[in-house]
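Dropping input12.tsv in here (TSV, C-alpha atoms):
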```tsv
chain	number	residue	atom	x	y	z
A	1	MET	CA	-22.66	-0.87	11.85
A	2	ILE	CA	-19.65	-3.01	10.96
A	3	GLN	CA	-18.57	-5.56	13.54
A	4	ILE	CA	-14.76	-5.73	13.55
A	5	THR	CA	-12.97	-8.68	15.11
A	6	LYS	CA	-9.32	-8.24	15.98
A	7	GLU	CA	-7.90	-11.72	15.37
A	8	GLY	CA	-4.64	-10.94	17.15
A	9	ILE	CA	-0.95	-11.21	16.27
A	10	LEU	CA	-0.06	-13.71	13.54
A	11	LEU	CA	3.70	-13.15	13.19
A	12	LYS	CA	6.40	-11.73	15.42
A	13	LYS	CA	10.11	-11.21	14.96
A	14	THR	CA	12.46	-14.15	15.50
A	15	LYS	CA	16.12	-14.58	16.41
A	16	LEU	CA	16.99	-15.11	12.75
A	17	SER	CA	19.36	-12.37	11.65
A	18	PHE	CA	17.18	-11.09	8.80
A	19	GLU	CA	14.12	-10.52	11.05
A	20	ASN	CA	15.51	-9.91	14.52
A	21	ASP	CA	14.15	-6.36	14.77
A	22	SER	CA	10.54	-6.56	13.56
A	23	VAL	CA	8.12	-8.01	11.00
A	24	LEU	CA	5.32	-5.97	9.43
A	25	ASN	CA	3.22	-4.94	6.42
A	26	PRO	CA	2.59	-8.24	4.61
A	27	ALA	CA	1.58	-8.82	1.00
A	28	ILE	CA	-1.18	-11.43	0.81
A	29	MET	CA	-2.06	-13.81	-2.02
A	30	GLN	CA	-4.98	-16.15	-1.47
A	31	GLU	CA	-5.22	-19.27	-3.63
A	32	GLY	CA	-8.16	-21.35	-2.49
A	33	ASN	CA	-7.64	-22.31	1.13
A	34	ILE	CA	-3.96	-21.32	1.02
A	35	VAL	CA	-2.79	-17.84	1.98
A	36	HIS	CA	0.71	-16.81	0.93
A	37	MET	CA	2.24	-14.04	3.03
A	38	LEU	CA	5.22	-12.00	1.80
A	39	TYR	CA	6.14	-9.87	4.76
A	40	ARG	CA	8.62	-7.14	5.48
A	41	ALA	CA	11.38	-8.52	7.68
A	42	VAL	CA	13.63	-5.99	9.40
A	43	ARG	CA	16.99	-6.76	10.92
A	44	SER	CA	18.88	-4.57	13.37
A	45	GLY	CA	19.93	-1.32	11.73
A	46	ASN	CA	16.65	-0.92	9.81
A	47	TYR	CA	17.59	-3.13	6.87
A	48	SER	CA	14.56	-4.76	5.22
A	49	THR	CA	14.04	-7.87	3.13
A	50	ILE	CA	10.89	-9.81	2.23
A	51	GLY	CA	10.15	-12.99	4.18
A	52	TYR	CA	7.67	-15.74	3.35
A	53	ALA	CA	5.04	-17.61	5.34
A	54	LYS	CA	2.13	-19.85	4.30
A	55	PHE	CA	-1.22	-20.31	6.00
A	56	GLU	CA	-3.96	-22.92	5.73
A	57	GLY	CA	-7.11	-20.91	5.97
A	58	PRO	CA	-6.86	-17.31	7.08
A	59	LEU	CA	-5.03	-17.75	10.39
A	60	LYS	CA	-3.24	-21.11	10.70
A	61	ILE	CA	0.44	-20.82	9.82
A	62	VAL	CA	1.94	-23.99	8.32
A	63	GLN	CA	5.24	-22.76	6.87
A	64	ARG	CA	7.71	-19.97	7.52
A	65	ASN	CA	10.97	-19.75	5.62
A	66	ASN	CA	14.19	-19.19	7.54
A	67	THR	CA	15.74	-17.12	4.75
A	68	PRO	CA	14.38	-14.09	2.87
A	69	LEU	CA	12.39	-14.52	-0.33
A	70	LEU	CA	13.50	-11.17	-1.79
A	71	ILE	CA	16.63	-9.21	-0.98
A	72	PRO	CA	18.11	-5.96	-2.34
A	73	PHE	CA	19.83	-6.31	-5.70
A	74	SER	CA	20.78	-2.74	-6.57
A	75	ASP	CA	22.08	0.48	-5.04
A	76	GLU	CA	18.55	1.90	-5.31
A	77	GLU	CA	17.38	-0.56	-2.66
A	78	SER	CA	20.58	-0.83	-0.67
A	79	LYS	CA	18.80	-0.16	2.64
A	80	GLY	CA	16.02	-2.56	1.89
A	81	VAL	CA	12.95	-3.79	0.06
A	82	GLU	CA	9.89	-2.69	2.00
A	83	ASP	CA	6.11	-3.11	2.23
A	84	ALA	CA	5.34	-5.51	-0.61
A	85	ARG	CA	1.92	-5.99	-2.24
A	86	ILE	CA	0.97	-8.79	-4.58
A	87	VAL	CA	-1.66	-9.55	-7.22
A	88	LYS	CA	-1.95	-12.15	-9.97
A	89	ILE	CA	-2.75	-10.98	-13.51
A	90	ASP	CA	-3.07	-13.45	-16.39
A	91	GLY	CA	-1.09	-16.10	-14.54
A	92	VAL	CA	1.73	-13.76	-13.48
A	93	TYR	CA	2.35	-12.52	-9.95
A	94	TYR	CA	3.02	-8.79	-9.77
A	95	ILE	CA	4.91	-7.98	-6.58
A	96	THR	CA	5.45	-4.30	-5.86
A	97	TYR	CA	7.53	-2.88	-3.04
A	98	THR	CA	9.34	0.25	-1.92
A	99	ALA	CA	13.02	0.38	-2.84
A	100	TYR	CA	14.89	2.37	-0.20
A	101	ASN	CA	18.51	3.47	-0.27
A	102	GLY	CA	18.52	5.60	2.86
A	103	ILE	CA	17.54	8.71	0.92
A	104	ASN	CA	14.99	7.85	-1.75
A	105	ALA	CA	11.90	5.67	-1.33
A	106	LEU	CA	10.45	4.63	-4.70
A	107	GLY	CA	8.03	1.97	-5.95
A	108	ALA	CA	9.58	-1.04	-7.70
A	109	LEU	CA	8.30	-4.25	-9.29
A	110	VAL	CA	9.22	-7.90	-9.65
A	111	THR	CA	7.15	-10.52	-11.43
A	112	SER	CA	7.01	-14.28	-11.03
A	113	THR	CA	5.09	-17.30	-12.22
A	114	ASP	CA	5.91	-19.54	-9.25
A	115	LEU	CA	6.97	-17.38	-6.27
A	116	LEU	CA	10.34	-19.09	-6.48
A	117	THR	CA	12.07	-17.25	-9.32
A	118	PHE	CA	11.64	-13.55	-10.01
A	119	GLU	CA	12.11	-11.12	-12.86
A	120	ARG	CA	13.17	-7.70	-11.69
A	121	HIS	CA	11.75	-4.63	-13.43
A	122	GLY	CA	13.34	-2.06	-11.14
A	123	ILE	CA	11.76	1.21	-10.13
A	124	ILE	CA	8.56	1.91	-12.09
A	125	VAL	CA	7.56	5.28	-10.60
A	126	PRO	CA	9.02	8.59	-11.82
A	127	LYS	CA	12.49	9.68	-10.76
A	128	PHE	CA	11.64	13.35	-10.54
A	129	THR	CA	13.00	15.91	-8.11
A	130	PHE	CA	10.45	17.84	-6.11
A	131	ASP	CA	11.20	20.96	-8.17
A	132	GLU	CA	10.54	19.08	-11.41
A	133	PHE	CA	7.27	17.73	-10.05
A	134	LYS	CA	6.17	21.12	-8.75
A	135	ARG	CA	6.95	22.92	-12.00
A	136	LEU	CA	4.74	20.51	-13.94
A	137	ALA	CA	1.94	19.89	-11.43
A	138	GLU	CA	1.34	23.50	-10.46
A	139	CYS	CA	0.41	24.28	-14.07
A	140	ASN	CA	-2.98	23.00	-12.93
A	141	ASN	CA	-4.08	25.19	-10.05
A	142	LEU	CA	-6.70	22.62	-9.01
A	143	VAL	CA	-4.04	20.49	-7.32
A	144	ASN	CA	-4.28	20.35	-3.53
A	145	ALA	CA	-1.71	22.76	-2.12
A	146	LYS	CA	-0.57	20.04	0.30
A	147	TYR	CA	1.25	18.38	-2.59
A	148	PHE	CA	3.72	21.22	-2.55
A	149	ARG	CA	4.30	21.04	1.20
A	150	HIS	CA	4.83	17.29	1.65
A	151	VAL	CA	8.47	17.17	0.65
A	152	ARG	CA	11.48	15.82	2.50
A	153	HIS	CA	14.62	17.94	2.65
A	154	PHE	CA	18.09	16.45	2.92
A	155	LYS	CA	21.55	17.96	3.14
A	156	HIS	CA	23.90	15.77	1.14
A	157	ASN	CA	25.42	15.46	-2.30
A	158	GLU	CA	23.21	12.69	-3.65
A	159	GLU	CA	20.21	13.20	-5.91
A	160	VAL	CA	16.92	13.42	-4.04
A	161	PHE	CA	13.74	12.28	-5.77
A	162	LEU	CA	10.12	12.86	-4.91
A	163	TRP	CA	9.06	9.98	-2.68
A	164	ASP	CA	6.55	7.74	-4.44
A	165	LYS	CA	5.40	4.73	-2.44
A	166	ASP	CA	2.47	2.30	-1.98
A	167	VAL	CA	2.49	1.04	-5.58
A	168	ILE	CA	-0.37	-1.45	-5.85
A	169	PHE	CA	-1.66	-3.12	-9.02
A	170	PHE	CA	-5.32	-3.92	-9.59
A	171	PRO	CA	-5.78	-7.71	-9.83
A	172	ARG	CA	-6.92	-7.59	-13.46
A	173	LYS	CA	-6.66	-5.31	-16.46
A	174	ILE	CA	-9.27	-2.56	-16.78
A	175	LYS	CA	-10.48	-2.07	-20.34
A	176	GLY	CA	-7.36	-3.82	-21.55
A	177	LYS	CA	-4.96	-1.69	-19.52
A	178	LEU	CA	-2.73	-2.44	-16.55
A	179	ALA	CA	-3.79	-0.28	-13.63
A	180	PHE	CA	-1.90	0.59	-10.48
A	181	LEU	CA	-2.21	2.95	-7.57
A	182	HIS	CA	0.68	4.91	-6.15
A	183	ARG	CA	1.13	7.51	-3.45
A	184	ILE	CA	2.71	10.91	-3.77
A	185	ARG	CA	1.80	12.64	-0.54
A	186	PRO	CA	-0.76	13.51	0.55
A	187	GLY	CA	-3.13	11.51	-1.73
A	188	ILE	CA	-3.55	8.38	-3.84
A	189	GLN	CA	-3.15	8.43	-7.62
A	190	LEU	CA	-3.93	6.04	-10.48
A	191	VAL	CA	-1.89	5.00	-13.52
A	192	LEU	CA	-3.34	3.23	-16.58
A	193	ILE	CA	-0.93	1.83	-19.18
A	194	ASP	CA	-0.89	-0.64	-22.05
A	195	SER	CA	2.42	-2.14	-20.87
A	196	LEU	CA	5.27	-1.44	-18.49
A	197	GLU	CA	7.27	-0.07	-21.41
A	198	ASP	CA	4.93	2.95	-21.43
A	199	LEU	CA	6.49	4.28	-18.23
A	200	THR	CA	8.96	6.64	-19.86
A	201	LYS	CA	10.19	10.09	-18.86
A	202	GLU	CA	7.83	11.61	-21.42
A	203	PHE	CA	4.91	9.62	-20.00
A	204	TRP	CA	5.55	11.03	-16.54
A	205	ASN	CA	5.99	14.56	-17.92
A	206	GLN	CA	2.50	14.39	-19.40
A	207	TYR	CA	1.17	12.68	-16.29
A	208	PHE	CA	2.33	15.49	-14.02
A	209	LEU	CA	1.10	18.19	-16.41
A	210	HIS	CA	-2.37	16.73	-15.87
A	211	PHE	CA	-1.72	15.51	-12.35
A	212	ASN	CA	-5.10	16.48	-10.93
A	213	GLU	CA	-6.84	14.09	-13.34
A	214	HIS	CA	-4.96	11.14	-11.82
A	215	ILE	CA	-5.70	11.80	-8.14
A	216	ILE	CA	-8.29	9.34	-6.85
A	217	LEU	CA	-8.38	10.31	-3.18
A	218	ASP	CA	-7.04	13.22	-1.18
A	219	PRO	CA	-7.22	13.60	2.60
A	220	VAL	CA	-10.41	15.27	3.80
A	221	GLY	CA	-11.62	17.13	6.87
A	222	THR	CA	-10.03	17.09	10.29
A	223	ASN	CA	-10.57	13.42	11.03
A	224	HIS	CA	-8.49	10.24	10.96
A	225	GLU	CA	-7.04	10.94	7.49
A	226	SER	CA	-6.61	14.70	7.56
A	227	GLY	CA	-2.81	14.52	7.47
A	228	PHE	CA	-2.26	12.29	4.47
A	229	ILE	CA	-3.42	8.96	3.06
A	230	GLY	CA	-1.88	6.10	1.13
A	231	GLY	CA	-2.70	2.84	-0.59
A	232	GLY	CA	-3.25	-0.22	1.54
A	233	CYS	CA	-4.46	-3.50	0.08
A	234	PRO	CA	-4.90	-4.43	-3.59
A	235	PRO	CA	-8.41	-3.43	-4.70
A	236	ILE	CA	-11.04	-6.14	-4.30
A	237	GLU	CA	-13.52	-6.63	-7.14
A	238	THR	CA	-17.12	-6.75	-5.89
A	239	GLU	CA	-20.51	-6.51	-7.57
A	240	LEU	CA	-20.72	-2.90	-6.39
A	241	GLY	CA	-17.27	-1.77	-7.51
A	242	TRP	CA	-13.64	-1.94	-6.43
A	243	LEU	CA	-13.33	-2.08	-2.65
A	244	LEU	CA	-10.24	-0.14	-1.64
A	245	ILE	CA	-8.81	-0.59	1.85
A	246	TYR	CA	-6.25	2.16	2.43
A	247	HIS	CA	-4.57	3.93	5.35
A	248	GLY	CA	-5.27	7.36	6.74
A	249	VAL	CA	-2.92	9.40	8.91
A	250	PHE	CA	-3.93	11.87	11.58
A	251	ASP	CA	-1.25	14.30	12.81
A	252	THR	CA	-1.47	14.90	16.55
A	253	SER	CA	0.71	16.66	19.11
A	254	GLU	CA	1.97	13.22	20.14
A	255	GLY	CA	2.74	12.06	16.60
A	256	TYR	CA	0.99	10.35	13.71
A	257	ILE	CA	-1.90	7.91	14.16
A	258	TYR	CA	-2.35	5.42	11.29
A	259	SER	CA	-5.83	3.93	10.77
A	260	ALA	CA	-7.46	1.65	8.20
A	261	ALA	CA	-10.02	3.29	5.90
A	262	ALA	CA	-12.27	2.17	3.05
A	263	ALA	CA	-13.68	3.50	-0.21
A	264	LEU	CA	-15.57	2.10	-3.19
A	265	LEU	CA	-14.43	2.85	-6.75
A	266	ASP	CA	-16.31	2.48	-10.03
A	267	ILE	CA	-15.58	-0.88	-11.62
A	268	ASP	CA	-14.86	0.50	-15.11
A	269	ASN	CA	-13.54	3.93	-14.14
A	270	PRO	CA	-11.70	3.67	-10.82
A	271	THR	CA	-10.95	7.40	-10.81
A	272	LYS	CA	-14.63	7.73	-9.86
A	273	VAL	CA	-15.18	7.34	-6.12
A	274	ILE	CA	-18.63	5.93	-5.40
A	275	ALA	CA	-18.48	5.91	-1.61
A	276	ARG	CA	-16.05	6.53	1.23
A	277	LEU	CA	-16.30	5.83	4.93
A	278	VAL	CA	-16.40	8.96	7.07
A	279	ASP	CA	-14.92	7.18	10.08
A	280	PRO	CA	-11.95	4.80	10.20
A	281	LEU	CA	-12.64	1.17	9.44
A	282	PHE	CA	-10.46	0.31	12.41
A	283	LYS	CA	-7.74	2.09	14.33
A	284	PRO	CA	-5.01	1.43	16.92
A	285	GLU	CA	-6.72	0.28	20.11
A	286	LEU	CA	-4.81	-2.70	21.49
A	287	ASP	CA	-1.41	-2.66	23.13
A	288	TYR	CA	0.38	-4.28	20.18
A	289	GLU	CA	-1.09	-1.60	17.88
A	290	LYS	CA	-0.38	1.34	20.17
A	291	ASN	CA	3.14	0.50	21.37
A	292	GLY	CA	6.00	-0.61	19.16
A	293	VAL	CA	8.76	0.54	16.85
A	294	VAL	CA	6.39	3.24	15.58
A	295	SER	CA	3.46	3.55	17.95
A	296	ASN	CA	-0.21	4.01	17.06
A	297	VAL	CA	-0.10	2.26	13.69
A	298	VAL	CA	-2.39	-0.15	11.87
A	299	PHE	CA	-1.14	-0.40	8.30
A	300	PRO	CA	-3.31	-2.67	6.07
A	301	THR	CA	-1.54	-4.28	3.12
A	302	GLY	CA	-3.41	-7.45	2.12
A	303	THR	CA	-6.71	-9.31	2.32
A	304	ALA	CA	-8.19	-12.79	2.04
A	305	LEU	CA	-11.87	-13.64	1.62
A	306	PHE	CA	-13.40	-16.81	3.09
A	307	GLU	CA	-17.12	-16.96	2.25
A	308	ASP	CA	-18.43	-13.58	3.50
A	309	THR	CA	-15.62	-12.95	5.98
A	310	LEU	CA	-12.98	-10.48	4.86
A	311	TYR	CA	-9.62	-10.82	6.61
A	312	ILE	CA	-7.41	-7.73	6.54
A	313	TYR	CA	-3.74	-8.31	7.35
A	314	TYR	CA	-1.77	-5.37	8.68
A	315	GLY	CA	1.40	-4.21	10.31
A	316	ALA	CA	0.85	-3.28	13.96
A	317	ALA	CA	3.02	-0.52	15.42
A	318	ASP	CA	5.73	-1.44	12.86
A	319	LYS	CA	6.54	-4.37	15.15
A	320	CYS	CA	4.39	-7.38	14.28
A	321	ILE	CA	1.73	-8.65	11.87
A	322	ALA	CA	-1.90	-8.88	12.92
A	323	CYS	CA	-5.29	-9.46	11.33
A	324	ALA	CA	-8.80	-8.04	11.60
A	325	SER	CA	-11.96	-9.60	10.16
A	326	MET	CA	-15.45	-8.45	9.24
A	327	SER	CA	-18.41	-9.23	7.01
A	328	LEU	CA	-17.76	-8.11	3.45
A	329	LYS	CA	-21.50	-7.63	2.92
A	330	ALA	CA	-21.76	-5.42	6.01
A	331	LEU	CA	-18.78	-3.33	4.90
A	332	LEU	CA	-20.26	-2.77	1.44
A	333	GLN	CA	-23.63	-1.85	2.95
A	334	GLU	CA	-21.94	0.65	5.24
A	335	LEU	CA	-20.09	2.17	2.31
A	336	LEU	CA	-23.34	2.63	0.38
A	337	LEU	CA	-24.58	4.72	3.30
A	338	ASN	CA	-21.69	7.10	2.63
A	339	PRO	CA	-21.94	8.04	-1.06
A	340	THR	CA	-19.41	10.49	-2.40
A	341	GLN	CA	-20.84	13.45	-4.26
A	342	HIS	CA	-17.90	15.62	-5.14
A	343	GLU	CA	-15.01	13.31	-6.12
A	344	SER	CA	-14.21	11.78	-9.45
```
Any chance you could put this one into structure tokens?
Amino acid sequence: MIQITKEGILLKKTKLSFENDSVLNPAIMQEGNIVHMLYRAVRSGNYSTIGYAKFEGPLKIVQRNNTPLLIPFSDEESKGVEDARIVKIDGVYYITYTAYNGINALGALVTSTDLLTFERHGIIVPKFTFDEFKRLAECNNLVNAKYFRHVRHFKHNEEVFLWDKDVIFFPRKIKGKLAFLHRIRPGIQLVLIDSLEDLTKEFWNQYFLHFNEHIILDPVGTNHESGFIGGGCPPIETELGWLLIYHGVFDTSEGYIYSAAAALLDIDNPTKVIARLVDPLFKPELDYEKNGVVSNVVFPTGTALFEDTLYIYYGAADKCIACASMSLKALLQELLLNPTQHES
């Protein structure tokens, strides 16, 4: 049994114009005893930028900037930069986020060596319409039929792309390749590339023709993740494999319920799922998790590890930022009690 401690709210909105509506879904980068937090800051009108805060240890805030760290720089993110994640690979910070223009929500990337200056790489996921995706992906009849139902319909004159969010890099190369997760509803997929330049239209054509081979996790059963799932925190390298903290969504008559979930992936072949918790790791229980801008949401997006204690930082009810902690050893032991037999 895993003992979960809810550490409480770490960050709330302020009167500053860029974060006067809510703060949520933080990217976390731990460097020794310092924890950098790059959080989604929302101003009135649902316009998002990325704010910055620094912690000594897992919970003690020592700095919070009064201006955004990242702001929109193109029409593709005109309504905001949302839900960042961060890793450090070979001395370079890879910061992914969702670029949103009011219609399309697509994964984008910036890199940095100092968290002060940034190189923008733009959108790195495919710009495919749903019809283009469906035509390629349904060539393989093994694909979960839910992939062809989870599509958003709009009535307007602008081009609508398949939503592709939750882009999260692994914190190191795997067999010499950059690896990142992304989320086309309802599951989580994996991309392996030699360099960012590989992400061409032809690459994505071939990717979708063999789409089933790239799906790591799909929603299962009628439990906490039966609706859809998505990436959460950057994978954590352990002696047993990659620990993946992700989110699961349960569709109820009163709306969606977002919970934190966990799986263990093979260290050399992360398409292979070793184990997966049957029950949620933690779910909305407290008032600040159950009541907010979007109620009944815990949305994990970053972690820090201090000795054996794993701290998971999450957006609570799309309103504030909170943290939960647990023993990493206990979590891994619990996962090993739930081996996965039929996923690869």
Find the residue from A:Pro58, A:Pro300, A:Gly187, A:Gly91 that sits nearest to A:Pro26; use all atoms listed in the file when measuring.
->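 Smallest distance to A:Pro26 is found for A:Pro300.
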Provide an axis-aligned box for all listed atoms of stretch 62-67 of chain A, padding each side by 4 Å; report its centre and its edge lengths in Å to one decimal, as AutoDock Vina command-line options.
```
--center_x 8.8 --center_y -20.6 --center_z 6.5 --size_x 21.8 --size_y 14.9 --size_z 11.6
```
Could you give me, as a PDB file with C-alpha atoms, keeping the file's coordinate frame, the residues within 7 Å of A:Tyr147, counting all atoms listed in the file and dropping anything in the same chain fewer than 2 positions from it?
```
ATOM      1  CA  ASN A 144      -4.280  20.350  -3.530  1.00  0.00           C
ATOM      2  CA  ALA A 145      -1.710  22.760  -2.120  1.00  0.00           C
ATOM      3  CA  ARG A 149       4.300  21.040   1.200  1.00  0.00           C
ATOM      4  CA  HIS A 150       4.830  17.290   1.650  1.00  0.00           C
ATOM      5  CA  ARG A 185       1.800  12.640  -0.540  1.00  0.00           C
ATOM      6  CA  PRO A 186      -0.760  13.510   0.550  1.00  0.00           C
TER       7      PRO A 186
END
```
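Between atom CA of A:Ala41 and atom CA of A:Asn104 lies a distance of 19.2 Å.
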Smallest atom-to-atom distance to A:Leu196: which of A:Met1, A:Val92, A:Leu10, A:Ile124, using only C-alpha atoms?
->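 Smallest separation from A:Leu196 among the options: A:Ile124.
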Taking all atoms listed in the file into account, which of A:Met326, A:Val160, A:Ile321, A:Ile193 comes nearest A:Gly102?
->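 Closest residue, counting all atoms listed in the file: A:Val160.
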What's the 7 Å shell around A:Val110, counting all atoms listed in the file, without same-chain residues fewer than 5 positions away, as an MDAnalysis selection string?
-> chainID A and resid 94:96 118:121
For A:Gly8, the nearest of the candidates A:Gly176, A:Ile50, A:Leu59, A:Asn223, counting all atoms listed in the file | A:Leu59
Go ahead and compute the interatomic distance for atom CA of A:Phe148 and atom CA of A:Val273, in Å to one decimal.
->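 Interatomic distance, atom CA of A:Phe148 to atom CA of A:Val273: 23.7 Å.
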Contacts of A:Glu237 at 10 Å (all atoms listed in the file; same-chain gap of 2+ positions) as a count of residues only | 15
Using only C-alpha atoms, which of the listed residues (A:His210, A:His224, A:Lys173, A:Lys290) sits closest to A:Asp268?
->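 Of the candidates, the smallest distance to A:Asp268 is held by A:Lys173.
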Out of A:Tyr288, A:Phe299, A:Phe208, A:Tyr311, which residue has the shortest atom-to-atom distance to A:Ile9 when counting only C-alpha atoms?
->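 Nearest to A:Ile9: A:Tyr288.
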Record the distance separating atom CA of A:Ala263 and atom CA of A:Ile2, expressed in Å with one decimal.
-> 14.2 Å
Show which residues sit within 10 Å of stretch 14-16 of chain A, as number ranges by chain. Count all atoms listed in the file, and ignore same-chain residues fewer than 2 positions away.
-> A: 11-12, 18-23, 41, 43, 66-67
With a distance cut-off of 7 Å and all atoms listed in the file, select the neighbouring residues of stretch 78-83 of chain A, excluding the residue or stretch itself and same-chain residues fewer than 3 positions from it, and output the selection as a ChimeraX atom specification.
-> /A:25-26,40,47-50,71-72,74-75,97-102
Do you know which residues lie at most 12 Å from (11.8, 14.6, -11.2), with coordinates as in the file and only C-alpha atoms counted, and could you write them as number ranges by chain?
-> A: 106, 125-137, 159-164, 201-202, 204-205, 207-208
Within-9 Å shell of (-4.4, 16.8, 7.6) in input frame, only C-alpha atoms, as JSON, numbers by chain | {"A": [146, 186, 219, 220, 221, 222, 223, 224, 225, 226, 227, 228, 249, 250, 251]}
Once N, CA and C atoms are restored for stretch 265-283 of chain A, what would the output be as a PDB file, in the coordinates of the input?
```pdb
ATOM      1  N   LEU A 265     -14.731   2.225  -5.470  1.00  0.00           N
ATOM      2  CA  LEU A 265     -14.430   2.850  -6.750  1.00  0.00           C
ATOM      3  C   LEU A 265     -15.253   2.216  -7.864  1.00  0.00           C
ATOM      4  N   ASP A 266     -15.563   2.993  -8.883  1.00  0.00           N
ATOM      5  CA  ASP A 266     -16.310   2.480 -10.030  1.00  0.00           C
ATOM      6  C   ASP A 266     -15.537   1.357 -10.708  1.00  0.00           C
ATOM      7  N   ILE A 267     -16.235   0.318 -11.109  1.00  0.00           N
ATOM      8  CA  ILE A 267     -15.580  -0.880 -11.620  1.00  0.00           C
ATOM      9  C   ILE A 267     -14.899  -0.644 -12.965  1.00  0.00           C
ATOM     10  N   ASP A 268     -15.442   0.227 -13.801  1.00  0.00           N
ATOM     11  CA  ASP A 268     -14.860   0.500 -15.110  1.00  0.00           C
ATOM     12  C   ASP A 268     -14.027   1.774 -15.151  1.00  0.00           C
ATOM     13  N   ASN A 269     -14.268   2.671 -14.206  1.00  0.00           N
ATOM     14  CA  ASN A 269     -13.540   3.930 -14.140  1.00  0.00           C
ATOM     15  C   ASN A 269     -13.150   4.201 -12.694  1.00  0.00           C
ATOM     16  N   PRO A 270     -12.049   3.575 -12.238  1.00  0.00           N
ATOM     17  CA  PRO A 270     -11.700   3.670 -10.820  1.00  0.00           C
ATOM     18  C   PRO A 270     -11.258   5.059 -10.360  1.00  0.00           C
ATOM     19  N   THR A 271     -11.168   6.028 -11.272  1.00  0.00           N
ATOM     20  CA  THR A 271     -10.950   7.400 -10.810  1.00  0.00           C
ATOM     21  C   THR A 271     -12.229   7.968 -10.184  1.00  0.00           C
ATOM     22  N   LYS A 272     -13.348   7.297 -10.413  1.00  0.00           N
ATOM     23  CA  LYS A 272     -14.630   7.730  -9.860  1.00  0.00           C
ATOM     24  C   LYS A 272     -14.863   7.056  -8.518  1.00  0.00           C
ATOM     25  N   VAL A 273     -14.954   7.851  -7.465  1.00  0.00           N
ATOM     26  CA  VAL A 273     -15.180   7.340  -6.120  1.00  0.00           C
ATOM     27  C   VAL A 273     -16.684   7.300  -5.860  1.00  0.00           C
ATOM     28  N   ILE A 274     -17.206   6.106  -5.623  1.00  0.00           N
ATOM     29  CA  ILE A 274     -18.630   5.930  -5.400  1.00  0.00           C
ATOM     30  C   ILE A 274     -19.003   6.233  -3.951  1.00  0.00           C
ATOM     31  N   ALA A 275     -18.178   5.750  -3.033  1.00  0.00           N
ATOM     32  CA  ALA A 275     -18.480   5.910  -1.610  1.00  0.00           C
ATOM     33  C   ALA A 275     -17.173   5.878  -0.824  1.00  0.00           C
ATOM     34  N   ARG A 276     -17.249   6.431   0.397  1.00  0.00           N
ATOM     35  CA  ARG A 276     -16.050   6.530   1.230  1.00  0.00           C
ATOM     36  C   ARG A 276     -16.479   6.639   2.683  1.00  0.00           C
ATOM     37  N   LEU A 277     -15.932   5.777   3.527  1.00  0.00           N
ATOM     38  CA  LEU A 277     -16.300   5.830   4.930  1.00  0.00           C
ATOM     39  C   LEU A 277     -15.858   7.154   5.552  1.00  0.00           C
ATOM     40  N   VAL A 278     -16.724   7.708   6.371  1.00  0.00           N
ATOM     41  CA  VAL A 278     -16.400   8.960   7.070  1.00  0.00           C
ATOM     42  C   VAL A 278     -15.481   8.678   8.252  1.00  0.00           C
ATOM     43  N   ASP A 279     -15.712   7.559   8.917  1.00  0.00           N
ATOM     44  CA  ASP A 279     -14.920   7.180  10.080  1.00  0.00           C
ATOM     45  C   ASP A 279     -13.923   6.091   9.699  1.00  0.00           C
ATOM     46  N   PRO A 280     -12.896   5.886  10.513  1.00  0.00           N
ATOM     47  CA  PRO A 280     -11.950   4.800  10.200  1.00  0.00           C
ATOM     48  C   PRO A 280     -12.624   3.444  10.241  1.00  0.00           C
ATOM     49  N   LEU A 281     -12.145   2.539   9.403  1.00  0.00           N
ATOM     50  CA  LEU A 281     -12.640   1.170   9.440  1.00  0.00           C
ATOM     51  C   LEU A 281     -12.213   0.510  10.742  1.00  0.00           C
ATOM     52  N   PHE A 282     -10.936   0.643  11.078  1.00  0.00           N
ATOM     53  CA  PHE A 282     -10.460   0.310  12.410  1.00  0.00           C
ATOM     54  C   PHE A 282      -9.187   1.097  12.675  1.00  0.00           C
ATOM     55  N   LYS A 283      -8.842   1.231  13.928  1.00  0.00           N
ATOM     56  CA  LYS A 283      -7.740   2.090  14.330  1.00  0.00           C
ATOM     57  C   LYS A 283      -6.943   1.436  15.452  1.00  0.00           C
TER      58      LYS A 283
END
```
